[in-house]
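Below: work.cif (mmCIF, C-alpha atoms (C1' of nucleotides))
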data_data
#
loop_
_atom_site.label_atom_id
_atom_site.label_comp_id
_atom_site.auth_asym_id
_atom_site.auth_seq_id
_atom_site.Cartn_x
_atom_site.Cartn_y
_atom_site.Cartn_z
CA MET A 1 124.76 194.60 180.45
CA LYS A 2 126.55 192.83 183.13
CA VAL A 3 128.99 194.55 185.37
CA THR A 4 132.24 192.83 186.16
CA LYS A 5 132.09 190.91 189.41
CA ARG A 6 135.12 188.82 190.05
CA ALA A 7 134.25 185.77 192.08
CA LYS A 8 137.75 184.43 192.57
CA GLN A 9 139.62 185.29 195.77
CA PRO A 10 142.63 187.53 195.36
CA ASP A 11 145.68 185.37 194.95
CA PHE A 12 148.57 187.18 196.57
CA ALA A 13 151.21 184.79 195.32
CA ALA A 14 149.98 185.24 191.77
CA TYR A 15 150.11 189.02 192.12
CA ARG A 16 153.66 188.90 193.37
CA ASP A 17 154.63 186.72 190.44
CA ARG A 18 153.01 189.00 187.91
CA ILE A 19 154.68 192.07 189.34
CA ARG A 20 158.08 190.39 189.28
CA GLN A 21 157.57 189.04 185.79
CA ALA A 22 157.14 192.62 184.67
CA GLY A 23 160.58 193.42 186.06
CA LEU A 24 159.23 195.27 189.08
CA ARG A 25 159.81 194.52 192.73
CA SER A 26 156.92 193.03 194.61
CA THR A 27 156.19 195.57 197.31
CA GLN A 28 153.36 195.80 199.81
CA ALA A 29 151.93 198.86 198.12
CA ARG A 30 151.78 197.22 194.71
CA VAL A 31 150.21 194.04 196.00
CA ALA A 32 147.68 196.07 197.97
CA ILE A 33 146.78 198.00 194.82
CA LEU A 34 146.20 194.85 192.79
CA GLU A 35 144.20 193.36 195.62
CA ARG A 36 141.98 196.43 195.83
CA LEU A 37 141.43 196.67 192.09
CA HIS A 38 140.61 193.00 192.00
CA GLN A 39 137.61 193.65 194.21
CA ALA A 40 136.43 196.69 192.27
CA SER A 41 133.47 196.34 189.95
CA GLY A 42 134.91 198.85 187.51
CA PRO A 43 137.83 201.18 186.94
CA MET A 44 138.98 203.20 189.95
CA THR A 45 140.57 206.63 190.05
CA HIS A 46 143.97 207.48 191.48
CA ALA A 47 142.22 209.32 194.28
CA GLN A 48 139.86 206.48 195.17
CA VAL A 49 142.63 203.95 195.48
CA ALA A 50 144.94 206.36 197.27
CA GLU A 51 142.34 207.39 199.83
CA GLU A 52 141.61 203.82 200.83
CA LEU A 53 145.20 202.73 200.98
CA GLU A 54 146.30 205.80 202.91
CA ASN A 55 144.22 204.48 205.81
CA ARG A 56 146.35 201.39 205.69
CA GLY A 57 149.55 203.38 206.00
CA PHE A 58 150.57 203.83 202.38
CA ASP A 59 151.60 207.19 201.05
CA LYS A 60 149.50 208.86 198.40
CA THR A 61 152.47 209.54 196.15
CA THR A 62 153.52 205.92 196.29
CA ILE A 63 150.05 204.88 195.19
CA TYR A 64 150.09 207.38 192.37
CA ARG A 65 153.48 206.22 191.19
CA SER A 66 152.70 202.55 191.54
CA LEU A 67 149.51 202.85 189.53
CA VAL A 68 151.41 204.48 186.70
CA GLU A 69 154.17 201.89 186.84
CA LEU A 70 151.76 198.98 186.94
CA ALA A 71 149.92 200.46 184.00
CA GLU A 72 153.17 200.86 182.07
CA ALA A 73 153.91 197.22 182.85
CA ARG A 74 150.51 196.41 181.35
CA ILE A 75 149.30 194.80 184.55
CA LEU A 76 146.73 197.56 184.79
CA SER A 77 145.01 199.51 182.08
CA ARG A 78 144.85 203.27 182.38
CA MET A 79 141.98 205.18 180.84
CA GLU A 80 140.46 208.61 180.59
CA LEU A 81 136.69 208.65 180.42
CA GLY A 82 136.03 212.31 179.78
CA ASP A 83 136.14 213.87 183.24
CA HIS A 84 139.85 214.64 183.39
CA VAL A 85 140.64 211.86 185.82
CA TRP A 86 142.69 208.76 185.15
CA ARG A 87 141.11 205.45 185.98
CA TYR A 88 142.82 202.11 186.47
CA GLU A 89 141.59 198.60 186.02
CA LEU A 90 143.18 195.20 186.49
CA ARG A 91 143.96 193.52 183.20
CA ASP A 92 143.11 189.89 182.94
CA SER A 93 146.36 188.07 182.43
CA GLY A 94 144.92 185.09 180.64
CA ASP A 95 142.74 186.32 177.83
CA LYS A 96 144.41 189.04 175.81
CA ARG A 97 141.26 190.06 174.01
CA GLN A 98 139.35 190.62 177.20
CA ASP A 99 141.59 193.56 177.95
CA ASP A 100 140.29 195.89 175.30
CA HIS A 101 136.65 195.83 176.27
CA LEU A 102 134.63 198.98 175.77
CA HIS A 103 133.60 201.52 178.35
CA PHE A 104 130.35 203.37 178.43
CA VAL A 105 130.20 206.52 180.53
CA CYS A 106 127.00 208.33 181.45
CA VAL A 107 127.52 212.03 180.85
CA ASP A 108 124.88 212.86 183.49
CA CYS A 109 125.69 210.76 186.53
CA GLY A 110 129.24 209.77 185.58
CA ARG A 111 128.58 206.07 186.03
CA ILE A 112 131.04 203.86 184.19
CA GLU A 113 130.09 200.55 182.70
CA CYS A 114 132.36 197.95 181.22
CA LEU A 115 130.99 196.20 178.18
CA GLU A 116 132.94 193.01 178.75
CA GLY A 117 133.47 190.64 175.92
CA THR A 118 133.06 193.25 173.24
CA SER A 119 136.24 194.38 171.56
CA ALA A 120 136.71 197.77 170.03
CA GLN A 121 136.99 196.17 166.61
CA ALA A 122 133.70 194.31 166.90
CA ALA A 123 131.89 197.41 168.06
CA LEU A 124 132.55 199.45 164.97
CA ALA A 125 130.67 199.41 161.73
CA PRO A 126 132.88 198.30 158.85
CA SER A 127 132.42 201.66 157.13
CA ILE A 128 134.15 203.46 159.98
CA LYS A 129 137.19 201.26 159.85
CA ARG A 130 137.59 202.10 156.17
CA ALA A 131 137.09 205.81 156.79
CA ALA A 132 139.55 206.04 159.66
CA THR A 133 142.97 207.41 158.84
CA GLY A 134 144.81 204.91 161.01
CA THR A 135 144.39 201.91 163.24
CA ILE A 136 141.65 202.12 165.81
CA SER A 137 142.62 200.46 169.07
CA ASP A 138 140.19 201.88 171.56
CA VAL A 139 136.63 203.14 171.58
CA LEU A 140 134.86 205.16 174.24
CA LEU A 141 131.10 205.45 174.25
CA LYS A 142 129.30 208.34 175.91
CA GLY A 143 125.64 208.86 176.50
CA HIS A 144 122.86 208.61 179.04
CA CYS A 145 122.33 205.50 181.12
CA ARG A 146 118.87 204.07 181.74
CA GLN A 147 118.49 205.88 185.07
CA CYS A 148 119.35 209.25 183.59
CA GLU A 149 117.67 209.25 180.19
CA MET B 25 145.77 237.91 161.48
CA LYS B 26 145.12 237.44 157.80
CA VAL B 27 141.67 236.87 156.44
CA THR B 28 141.19 235.48 152.97
CA LYS B 29 139.23 237.92 150.89
CA ARG B 30 137.38 235.49 148.71
CA ALA B 31 136.53 232.37 150.63
CA LYS B 32 133.92 232.10 153.37
CA GLN B 33 134.54 235.09 155.59
CA PRO B 34 133.47 234.98 159.16
CA ASP B 35 130.16 236.71 159.42
CA PHE B 36 130.38 238.94 162.46
CA ALA B 37 126.78 239.97 162.37
CA ALA B 38 125.68 236.35 162.34
CA TYR B 39 127.91 235.59 165.31
CA ARG B 40 126.48 238.50 167.25
CA ASP B 41 122.98 237.29 166.53
CA ARG B 42 123.74 233.76 167.58
CA ILE B 43 125.30 234.91 170.83
CA ARG B 44 122.34 237.12 171.63
CA GLN B 45 119.84 234.45 170.69
CA ALA B 46 121.43 232.29 173.35
CA GLY B 47 120.67 234.96 175.94
CA LEU B 48 124.27 236.14 176.17
CA ARG B 49 125.65 239.57 175.50
CA SER B 50 127.59 240.01 172.32
CA THR B 51 131.02 241.09 173.48
CA GLN B 52 134.28 241.52 171.61
CA ALA B 53 135.84 238.55 173.33
CA ARG B 54 133.01 236.21 172.38
CA VAL B 55 132.91 237.33 168.78
CA ALA B 56 136.70 236.98 168.56
CA ILE B 57 136.45 233.43 169.88
CA LEU B 58 133.85 232.42 167.32
CA GLU B 59 135.87 234.08 164.59
CA ARG B 60 138.99 232.18 165.59
CA LEU B 61 137.25 228.83 165.87
CA HIS B 62 135.64 229.41 162.52
CA GLN B 63 139.09 229.38 160.92
CA ALA B 64 140.34 226.36 162.81
CA SER B 65 140.51 223.03 161.03
CA GLY B 66 139.69 221.08 164.17
CA PRO B 67 138.88 221.50 167.83
CA MET B 68 141.10 223.92 169.77
CA THR B 69 142.12 223.83 173.41
CA HIS B 70 141.42 226.50 175.99
CA ALA B 71 145.12 227.30 175.99
CA GLN B 72 145.46 227.59 172.21
CA VAL B 73 142.59 230.03 171.90
CA ALA B 74 143.62 231.98 174.99
CA GLU B 75 147.23 232.37 173.90
CA GLU B 76 146.27 233.80 170.53
CA LEU B 77 143.65 236.15 171.85
CA GLU B 78 145.85 237.38 174.69
CA ASN B 79 148.05 238.93 172.01
CA ARG B 80 145.03 240.88 170.89
CA GLY B 81 144.43 242.23 174.37
CA PHE B 82 141.93 239.76 175.80
CA ASP B 83 142.42 238.27 179.20
CA LYS B 84 143.01 234.56 179.55
CA THR B 85 140.31 234.15 182.19
CA THR B 86 137.77 235.84 179.99
CA ILE B 87 138.58 233.43 177.18
CA TYR B 88 138.28 230.47 179.52
CA ARG B 89 134.95 231.64 180.85
CA SER B 90 133.58 232.59 177.46
CA LEU B 91 134.45 229.22 175.98
CA VAL B 92 132.58 227.48 178.78
CA GLU B 93 129.59 229.79 178.43
CA LEU B 94 129.45 229.45 174.67
CA ALA B 95 129.62 225.69 175.05
CA GLU B 96 126.81 225.74 177.58
CA ALA B 97 124.81 227.81 175.11
CA ARG B 98 125.48 225.06 172.56
CA ILE B 99 127.18 227.46 170.19
CA LEU B 100 130.37 225.49 170.72
CA SER B 101 130.86 221.86 171.50
CA ARG B 102 133.20 220.93 174.31
CA MET B 103 135.07 217.65 174.23
CA GLU B 104 137.69 215.68 176.03
CA LEU B 105 139.85 213.54 173.81
CA GLY B 106 141.85 211.61 176.36
CA ASP B 107 144.69 213.95 177.24
CA HIS B 108 143.00 215.80 180.10
CA VAL B 109 142.46 218.97 178.11
CA TRP B 110 139.15 220.43 176.98
CA ARG B 111 138.75 221.22 173.32
CA TYR B 112 136.19 223.47 171.68
CA GLU B 113 134.72 223.49 168.23
CA LEU B 114 132.18 225.70 166.50
CA ARG B 115 128.86 223.95 166.05
CA ASP B 116 127.21 224.37 162.71
CA SER B 117 123.94 226.11 163.33
CA GLY B 118 122.17 224.78 160.27
CA ASP B 119 122.60 221.05 160.16
CA LYS B 120 121.90 219.43 163.49
CA ARG B 121 123.39 216.08 162.53
CA GLN B 122 126.68 217.58 161.49
CA ASP B 123 127.37 218.44 165.10
CA ASP B 124 127.87 214.92 166.34
CA HIS B 125 130.63 213.83 164.03
CA LEU B 126 133.26 211.49 165.41
CA HIS B 127 136.74 212.31 166.57
CA PHE B 128 139.77 210.17 166.10
CA VAL B 129 142.77 210.87 168.29
CA CYS B 130 146.23 209.42 167.74
CA VAL B 131 147.57 208.19 171.06
CA ASP B 132 151.15 208.70 169.84
CA CYS B 133 151.31 212.15 168.32
CA GLY B 134 148.07 213.52 169.72
CA ARG B 135 146.73 214.56 166.35
CA ILE B 136 142.98 214.99 166.25
CA GLU B 137 140.91 214.21 163.22
CA CYS B 138 137.28 214.95 162.69
CA LEU B 139 135.42 212.26 160.79
CA GLU B 140 132.89 214.64 159.35
CA GLY B 141 129.67 213.29 158.06
CA THR B 142 129.78 210.17 160.18
CA SER B 143 127.43 210.16 163.12
CA ALA B 144 128.03 208.26 166.30
CA GLN B 145 125.05 206.06 165.53
CA ALA B 146 126.29 205.07 162.09
CA ALA B 147 129.73 204.21 163.42
CA LEU B 148 128.57 201.48 165.76
CA ALA B 149 127.79 197.90 164.98
CA PRO B 150 124.12 197.08 165.68
CA SER B 151 125.12 194.58 168.35
CA ILE B 152 126.68 197.30 170.46
CA LYS B 153 123.57 199.42 170.47
CA ARG B 154 121.59 196.46 171.77
CA ALA B 155 124.18 195.68 174.44
CA ALA B 156 124.47 199.23 175.73
CA THR B 157 122.59 200.10 178.88
CA GLY B 158 121.46 203.48 177.70
CA THR B 159 121.48 205.88 174.79
CA ILE B 160 124.82 206.37 173.09
CA SER B 161 125.28 209.96 171.95
CA ASP B 162 128.99 210.24 171.39
CA VAL B 163 131.82 207.99 170.34
CA LEU B 164 135.53 208.64 170.65
CA LEU B 165 138.01 206.60 168.66
CA LYS B 166 141.62 206.19 169.73
CA GLY B 167 144.48 204.59 167.90
CA HIS B 168 147.51 205.26 165.76
CA CYS B 169 147.38 207.52 162.72
CA ARG B 170 149.11 206.60 159.45
CA GLN B 171 152.23 208.58 160.31
CA CYS B 172 152.66 206.89 163.67
CA GLU B 173 151.72 203.29 163.01
"C1'" DA C 4 173.60 188.05 205.93
"C1'" DT C 5 174.65 191.76 202.87
"C1'" DG C 6 175.30 195.08 199.01
"C1'" DT C 7 172.94 197.70 195.90
"C1'" DA C 8 169.57 199.24 192.75
"C1'" DA C 9 164.83 200.05 193.16
"C1'" DA C 10 161.03 201.88 195.80
"C1'" DT C 11 159.19 204.95 199.26
"C1'" DG C 12 157.79 209.20 201.91
"C1'" DC C 13 157.83 213.88 202.36
"C1'" DA C 14 158.11 218.35 200.41
"C1'" DT C 15 157.66 221.12 196.59
"C1'" DG C 16 156.47 222.28 191.70
"C1'" DT C 17 153.31 222.25 187.60
"C1'" DT C 18 149.33 222.38 184.66
"C1'" DA C 19 144.90 223.52 183.71
"C1'" DC C 20 141.53 225.28 185.12
"C1'" DT C 21 138.12 227.81 188.77
"C1'" DT C 22 136.44 231.41 191.79
"C1'" DG C 23 135.93 236.10 194.07
"C1'" DC C 24 135.37 240.63 193.51
"C1'" DA C 25 135.86 245.53 192.06
"C1'" DG C 26 135.28 248.02 188.09
"C1'" DG C 27 133.84 248.33 183.08
"C1'" DT C 28 130.37 247.46 179.24
"C1'" DG C 29 126.32 245.95 176.41
"C1'" DT C 30 121.29 246.51 176.21
"C1'" DA C 31 116.74 247.79 176.96
"C1'" DA C 32 114.11 251.47 178.57
"C1'" DT C 33 113.62 255.98 178.72
"C1'" DA D 20 121.15 260.09 172.98
"C1'" DT D 21 121.12 259.14 177.79
"C1'" DT D 22 120.75 256.32 181.56
"C1'" DA D 23 120.33 252.34 184.65
"C1'" DC D 24 121.77 248.08 185.81
"C1'" DA D 25 122.61 243.33 185.16
"C1'" DC D 26 126.05 241.14 182.86
"C1'" DC D 27 130.84 240.75 181.65
"C1'" DT D 28 135.82 241.48 182.24
"C1'" DG D 29 140.44 241.64 184.30
"C1'" DC D 30 143.36 240.77 187.92
"C1'" DA D 31 144.56 238.01 191.75
"C1'" DA D 32 144.20 234.14 194.37
"C1'" DG D 33 142.59 229.36 194.99
"C1'" DT D 34 142.03 224.36 193.77
"C1'" DA D 35 142.44 219.52 191.86
"C1'" DA D 36 145.17 216.19 190.09
"C1'" DC D 37 149.00 214.97 189.37
"C1'" DA D 38 154.62 215.24 188.69
"C1'" DT D 39 159.26 215.63 190.45
"C1'" DG D 40 163.53 215.84 193.55
"C1'" DC D 41 165.92 213.76 196.98
"C1'" DA D 42 167.25 211.50 201.27
"C1'" DT D 43 165.96 207.26 203.42
"C1'" DT D 44 164.28 202.61 203.38
"C1'" DT D 45 163.43 198.08 201.33
"C1'" DA D 46 163.49 193.98 198.18
"C1'" DC D 47 166.07 190.46 196.54
"C1'" DA D 48 170.18 188.33 194.06
"C1'" DT D 49 174.27 186.85 195.80
#

Any chance you could put this one into C-alpha cells?
Amino acid sequence: MKVTKRAKQPDFAAYRDRIRQAGLRSTQARVAILERLHQASGPMTHAQVAEELENRGFDKTTIYRSLVELAEARILSRMELGDHVWRYELRDSGDKRQDDHLHFVCVDCGRIECLEGTSAQAALAPSIKRAATGTISDVLLKGHCRQCE
Amino acid sequence: MKVTKRAKQPDFAAYRDRIRQAGLRSTQARVAILERLHQASGPMTHAQVAEELENRGFDKTTIYRSLVELAEARILSRMELGDHVWRYELRDSGDKRQDDHLHFVCVDCGRIECLEGTSAQAALAPSIKRAATGTISDVLLKGHCRQCE
DNA sequence: ATGTAAATGCATGTTACTTGCAGGTGTAAT
DNA sequence: ATTACACCTGCAAGTAACATGCATTTACAT
C-alpha cells in the first residue's frame, strides 16, 4: 500500500478560488489550513493542525472552526477513526471518486493508512451490499498493521 | 424492570462465573451490567447503561469503570461507531465467530444495526485483503438507513 | 475608499469520560 | 462462621476535545 504523497506545490491562488467558490471568504487561516493539509501524508487531527498554526499566530478556535466549515463546504473530509478524535483531509477537487477512499487504522499503534483508489463500494463483497439495510457510503477497516501484528 | 418469564432469562449464576473466570470479583454492579446488556437489542453507550443503573442505586463512575473492565476482560466488546461515544455489547461466550459481526451506522439518524452472522472477513472483497497492509479484524460500515435515504 | 456581513480572538461552557482517594465488600484462608 | 486484605465503590475533582457567545476585526462587493 502506498501512502499519499502529493508532489505538486501548494497553489495558493487555487485554494483561494476553491474557498470562495464554496461561498466562504478566503482568509489567511483557511489558506494556511489547506496548505498544511496539502503537505500531510494522511488525515490530521484538529489538535495537530491547531498546534502548528498557533505558532504562526492563528488562534486555536479559529482553526477548529475553519476546519469544520471547510469540511461542511466539502473542501475537506472529516472522519472519525475510532479514537474519539476528528481527522481532516484535503479532498481532491478533480476526481470525485478519489474522495471516498478507505482508511485502515491499526488498533495497536494508531497508524492511519489511506487505501487510495479503492472506493467503499469496491471494497465490499456483494453479499454485504444485499444484506445491508440501507446505502453504504463509507467503510472503515480496523486491524493490526505489519509492524504490530 | 420487567423480565419475561418464558423466554431466555438472564442467567445470573453464569454471569457470576464468567466474571470470576476473568479474574474479576463478581459484584452487584457488574452482574447488573451484564443483565442489562443481555436484554439490549444492540450496543449501548456508557451513558445509557449508567443512567438506567443509577436509578437502581449504582454510581455512574462505577458503571463507567466496570464497563471498561468487563471489556478488557473480553466479556464485553467495546466499539466506536463514529459519533465519539463508546458502545458496549455482550460477547457471546460460546461461538467465537459470532463476536466479530459487523455494525452499520446511519450517519443521519444515528441508528446502529448489527449485521449478525457476517464476519468482517466475509464482508470484504478479496482485492481489499490483498491491498491492506496488515490484518483486518474489524469493519465498520456507514451510510444511510432505509428510513433516512 | 467604504459599508457591511462574515470571520476572528478571547473567554467561558459542555460532554464524555478519567483519576484520586477514603471507605466498603467479595473471597480465600482460617 | 470469622477474618484479613486486596479489590471495588462512591464521591469529588480533573482532563481532553471540542462548542458557543460576543465584541472586535477583516474581506470584498460596491

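If you measure from each of C:DT28, C:DT11, C:DT17, C:DT33 to chain A using only C-alpha atoms (C1' of nucleotides), the closest one turns out to be C:DT11.
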
Matched chain/residue IDs from the PyMOL selection byres ((chain A) within 8 of (chain C)), as a compact mmCIF listing (two decimals) with C-alpha atoms, in the coordinates of the input:
# COMPACT_ATOMS: atom_id res chain seq x y z
CA ARG A 25 159.81 194.52 192.73
CA ASP A 59 151.60 207.19 201.05
CA THR A 61 152.47 209.54 196.15
CA THR A 62 153.52 205.92 196.29

Please provide chain A as an mmCIF file with C-alpha atoms, in the coordinates of the input, once it has been superposed on chain B by least squares across all sequentially paired Cα atoms.
data_model
loop_
_atom_site.group_PDB
_atom_site.id
_atom_site.type_symbol
_atom_site.label_atom_id
_atom_site.label_comp_id
_atom_site.auth_asym_id
_atom_site.auth_seq_id
_atom_site.Cartn_x
_atom_site.Cartn_y
_atom_site.Cartn_z
ATOM 1 C CA MET A 1 139.971 212.817 155.059
ATOM 2 C CA LYS A 2 139.449 216.428 154.602
ATOM 3 C CA VAL A 3 140.154 218.901 157.308
ATOM 4 C CA THR A 4 137.674 221.661 157.923
ATOM 5 C CA LYS A 5 138.596 224.843 156.108
ATOM 6 C CA ARG A 6 135.966 227.490 156.308
ATOM 7 C CA ALA A 7 136.024 229.682 153.247
ATOM 8 C CA LYS A 8 133.423 232.199 154.334
ATOM 9 C CA GLN A 9 134.566 235.449 155.949
ATOM 10 C CA PRO A 10 133.680 235.871 159.593
ATOM 11 C CA ASP A 11 130.398 237.692 159.821
ATOM 12 C CA PHE A 12 130.518 239.849 162.918
ATOM 13 C CA ALA A 13 126.884 240.857 162.769
ATOM 14 C CA ALA A 14 125.851 237.221 162.599
ATOM 15 C CA TYR A 15 128.007 236.385 165.612
ATOM 16 C CA ARG A 16 126.468 239.164 167.633
ATOM 17 C CA ASP A 17 123.015 237.925 166.727
ATOM 18 C CA ARG A 18 123.792 234.360 167.678
ATOM 19 C CA ILE A 19 125.235 235.374 171.017
ATOM 20 C CA ARG A 20 122.197 237.500 171.813
ATOM 21 C CA GLN A 21 119.784 234.827 170.678
ATOM 22 C CA ALA A 22 121.335 232.582 173.287
ATOM 23 C CA GLY A 23 120.440 235.134 175.950
ATOM 24 C CA LEU A 24 124.001 236.365 176.356
ATOM 25 C CA ARG A 25 125.332 239.862 175.882
ATOM 26 C CA SER A 26 127.391 240.463 172.799
ATOM 27 C CA THR A 27 130.758 241.517 174.150
ATOM 28 C CA GLN A 28 134.062 242.114 172.407
ATOM 29 C CA ALA A 29 135.625 239.082 174.029
ATOM 30 C CA ARG A 30 132.879 236.739 172.884
ATOM 31 C CA VAL A 31 132.874 238.028 169.337
ATOM 32 C CA ALA A 32 136.659 237.773 169.224
ATOM 33 C CA ILE A 33 136.448 234.160 170.389
ATOM 34 C CA LEU A 34 133.946 233.209 167.703
ATOM 35 C CA GLU A 35 136.000 235.017 165.107
ATOM 36 C CA ARG A 36 139.145 233.150 166.118
ATOM 37 C CA LEU A 37 137.469 229.754 166.218
ATOM 38 C CA HIS A 38 135.947 230.434 162.846
ATOM 39 C CA GLN A 39 139.416 230.580 161.347
ATOM 40 C CA ALA A 40 140.670 227.471 163.124
ATOM 41 C CA SER A 41 140.979 224.251 161.173
ATOM 42 C CA GLY A 42 140.043 222.170 164.193
ATOM 43 C CA PRO A 43 139.169 222.390 167.863
ATOM 44 C CA MET A 44 141.273 224.772 169.952
ATOM 45 C CA THR A 45 142.196 224.549 173.612
ATOM 46 C CA HIS A 46 141.375 227.099 176.287
ATOM 47 C CA ALA A 47 145.052 227.960 176.452
ATOM 48 C CA GLN A 48 145.489 228.433 172.709
ATOM 49 C CA VAL A 49 142.594 230.822 172.426
ATOM 50 C CA ALA A 50 143.492 232.648 175.620
ATOM 51 C CA GLU A 51 147.120 233.155 174.642
ATOM 52 C CA GLU A 52 146.221 234.737 171.330
ATOM 53 C CA LEU A 53 143.504 236.941 172.692
ATOM 54 C CA GLU A 54 145.585 238.088 175.644
ATOM 55 C CA ASN A 55 147.821 239.861 173.126
ATOM 56 C CA ARG A 56 144.772 241.765 172.038
ATOM 57 C CA GLY A 57 144.047 242.945 175.556
ATOM 58 C CA PHE A 58 141.584 240.343 176.784
ATOM 59 C CA ASP A 59 141.996 238.703 180.140
ATOM 60 C CA LYS A 60 142.672 234.998 180.324
ATOM 61 C CA THR A 61 139.915 234.387 182.848
ATOM 62 C CA THR A 62 137.397 236.145 180.659
ATOM 63 C CA ILE A 63 138.348 233.891 177.770
ATOM 64 C CA TYR A 64 138.053 230.824 179.940
ATOM 65 C CA ARG A 65 134.659 231.868 181.213
ATOM 66 C CA SER A 66 133.364 232.926 177.837
ATOM 67 C CA LEU A 67 134.343 229.644 176.231
ATOM 68 C CA VAL A 68 132.425 227.743 178.874
ATOM 69 C CA GLU A 69 129.407 230.008 178.549
ATOM 70 C CA LEU A 70 129.384 229.833 174.774
ATOM 71 C CA ALA A 71 129.632 226.077 174.990
ATOM 72 C CA GLU A 72 126.734 225.951 177.447
ATOM 73 C CA ALA A 73 124.764 228.088 175.006
ATOM 74 C CA ARG A 74 125.566 225.468 172.367
ATOM 75 C CA ILE A 75 127.281 227.999 170.142
ATOM 76 C CA LEU A 76 130.492 226.084 170.692
ATOM 77 C CA SER A 77 131.050 222.426 171.335
ATOM 78 C CA ARG A 78 133.346 221.415 174.156
ATOM 79 C CA MET A 79 135.264 218.167 173.975
ATOM 80 C CA GLU A 80 137.907 216.151 175.733
ATOM 81 C CA LEU A 81 140.158 214.172 173.440
ATOM 82 C CA GLY A 82 142.170 212.182 175.936
ATOM 83 C CA ASP A 83 144.926 214.572 176.990
ATOM 84 C CA HIS A 84 143.137 216.252 179.881
ATOM 85 C CA VAL A 85 142.545 219.490 178.032
ATOM 86 C CA TRP A 86 139.225 220.909 176.923
ATOM 87 C CA ARG A 87 138.894 221.858 173.300
ATOM 88 C CA TYR A 88 136.320 224.134 171.714
ATOM 89 C CA GLU A 89 134.930 224.271 168.238
ATOM 90 C CA LEU A 90 132.386 226.491 166.532
ATOM 91 C CA ARG A 91 129.114 224.709 165.924
ATOM 92 C CA ASP A 92 127.534 225.223 162.576
ATOM 93 C CA SER A 93 124.255 226.953 163.201
ATOM 94 C CA GLY A 94 122.512 225.727 160.100
ATOM 95 C CA ASP A 95 122.909 221.990 159.901
ATOM 96 C CA LYS A 96 122.185 220.298 163.199
ATOM 97 C CA ARG A 97 123.647 216.981 162.167
ATOM 98 C CA GLN A 98 126.957 218.484 161.206
ATOM 99 C CA ASP A 99 127.588 219.261 164.842
ATOM 100 C CA ASP A 100 128.126 215.737 166.038
ATOM 101 C CA HIS A 101 130.897 214.783 163.670
ATOM 102 C CA LEU A 102 133.555 212.408 164.916
ATOM 103 C CA HIS A 103 137.038 213.219 166.089
ATOM 104 C CA PHE A 104 140.087 211.129 165.517
ATOM 105 C CA VAL A 105 143.080 211.783 167.746
ATOM 106 C CA CYS A 106 146.558 210.416 167.116
ATOM 107 C CA VAL A 107 147.886 209.018 170.372
ATOM 108 C CA ASP A 108 151.477 209.634 169.207
ATOM 109 C CA CYS A 109 151.588 213.167 167.861
ATOM 110 C CA GLY A 110 148.319 214.422 169.351
ATOM 111 C CA ARG A 111 146.991 215.630 166.018
ATOM 112 C CA ILE A 112 143.227 216.013 165.938
ATOM 113 C CA GLU A 113 141.176 215.373 162.862
ATOM 114 C CA CYS A 114 137.526 216.080 162.335
ATOM 115 C CA LEU A 115 135.686 213.482 160.324
ATOM 116 C CA GLU A 116 133.090 215.893 158.999
ATOM 117 C CA GLY A 117 129.864 214.582 157.665
ATOM 118 C CA THR A 118 129.986 211.377 159.633
ATOM 119 C CA SER A 119 127.669 211.193 162.601
ATOM 120 C CA ALA A 120 128.328 209.109 165.647
ATOM 121 C CA GLN A 121 125.332 206.954 164.800
ATOM 122 C CA ALA A 122 126.527 206.178 161.288
ATOM 123 C CA ALA A 123 129.980 205.276 162.512
ATOM 124 C CA LEU A 124 128.900 202.434 164.725
ATOM 125 C CA ALA A 125 128.181 198.889 163.749
ATOM 126 C CA PRO A 126 124.568 197.957 164.445
ATOM 127 C CA SER A 127 125.675 195.276 166.904
ATOM 128 C CA ILE A 128 127.211 197.878 169.190
ATOM 129 C CA LYS A 129 124.075 199.935 169.362
ATOM 130 C CA ARG A 130 122.170 196.861 170.516
ATOM 131 C CA ALA A 131 124.833 195.962 173.065
ATOM 132 C CA ALA A 132 125.084 199.426 174.575
ATOM 133 C CA THR A 133 123.241 199.985 177.821
ATOM 134 C CA GLY A 134 122.002 203.433 176.859
ATOM 135 C CA THR A 135 121.924 205.990 174.102
ATOM 136 C CA ILE A 136 125.202 206.694 172.395
ATOM 137 C CA SER A 137 125.578 210.347 171.477
ATOM 138 C CA ASP A 138 129.271 210.757 170.913
ATOM 139 C CA VAL A 139 132.159 208.652 169.692
ATOM 140 C CA LEU A 140 135.864 209.333 169.995
ATOM 141 C CA LEU A 141 138.348 207.427 167.891
ATOM 142 C CA LYS A 142 141.967 207.004 168.924
ATOM 143 C CA GLY A 143 144.845 205.548 167.023
ATOM 144 C CA HIS A 144 147.883 206.353 164.933
ATOM 145 C CA CYS A 145 147.727 208.769 162.032
ATOM 146 C CA ARG A 146 149.448 208.046 158.728
ATOM 147 C CA GLN A 147 152.567 210.014 159.683
ATOM 148 C CA CYS A 148 153.003 208.166 162.951
ATOM 149 C CA GLU A 149 152.091 204.575 162.140
#

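Selection check: the PyMOL selection byres ((chain D) within 9 of (chain B)) on the shown file gives D:DC26, D:DC27, D:DT28, D:DG29.
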
Quick check on the file I pasted: which residues fall under the PyMOL selection byres ((chain A) within 6 of (chain B))? Write them as a list in words.
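On the file shown, the PyMOL selection byres ((chain A) within 6 of (chain B)) covers Glu80, Gly82, His84, Ala123, Leu124, Ala125, Ile128, Thr133, Gly134, Thr135, Ile136, Ser137, Asp138, Val139, Leu140, Leu141, Lys142, Gly143, His144, Cys145 and Arg146 of chain A.
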
Interatomic distance, atom CA of Leu90 of chain A to atom CA of Glu69 of chain A (Å, one decimal)
12.9 Å

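A straight line drawn from atom CA of Pro43 of chain A to atom CA of Leu70 of chain A is 14.1 Å long.
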
Between atom CA of Gly23 of chain A and atom CA of Leu76 of chain A, distance in Å (one decimal):
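Going from atom CA of Gly23 of chain A over to atom CA of Leu76 of chain A covers 14.5 Å.
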
Could you check the closest approach to Arg40 of chain B for each of B:Ala74, B:Asn79, B:His125, B:Ile99 and tell me which residue wins, using all atoms listed in the file?
B:Ile99

Report as number ranges by chain all protein, DNA and RNA residues lying within 10 Å of Asp35 of chain B, evaluated on all atoms listed in the file, omitting residues in the same chain fewer than 2 positions from it.
B: 32-33, 37-40, 55, 58-59, 62
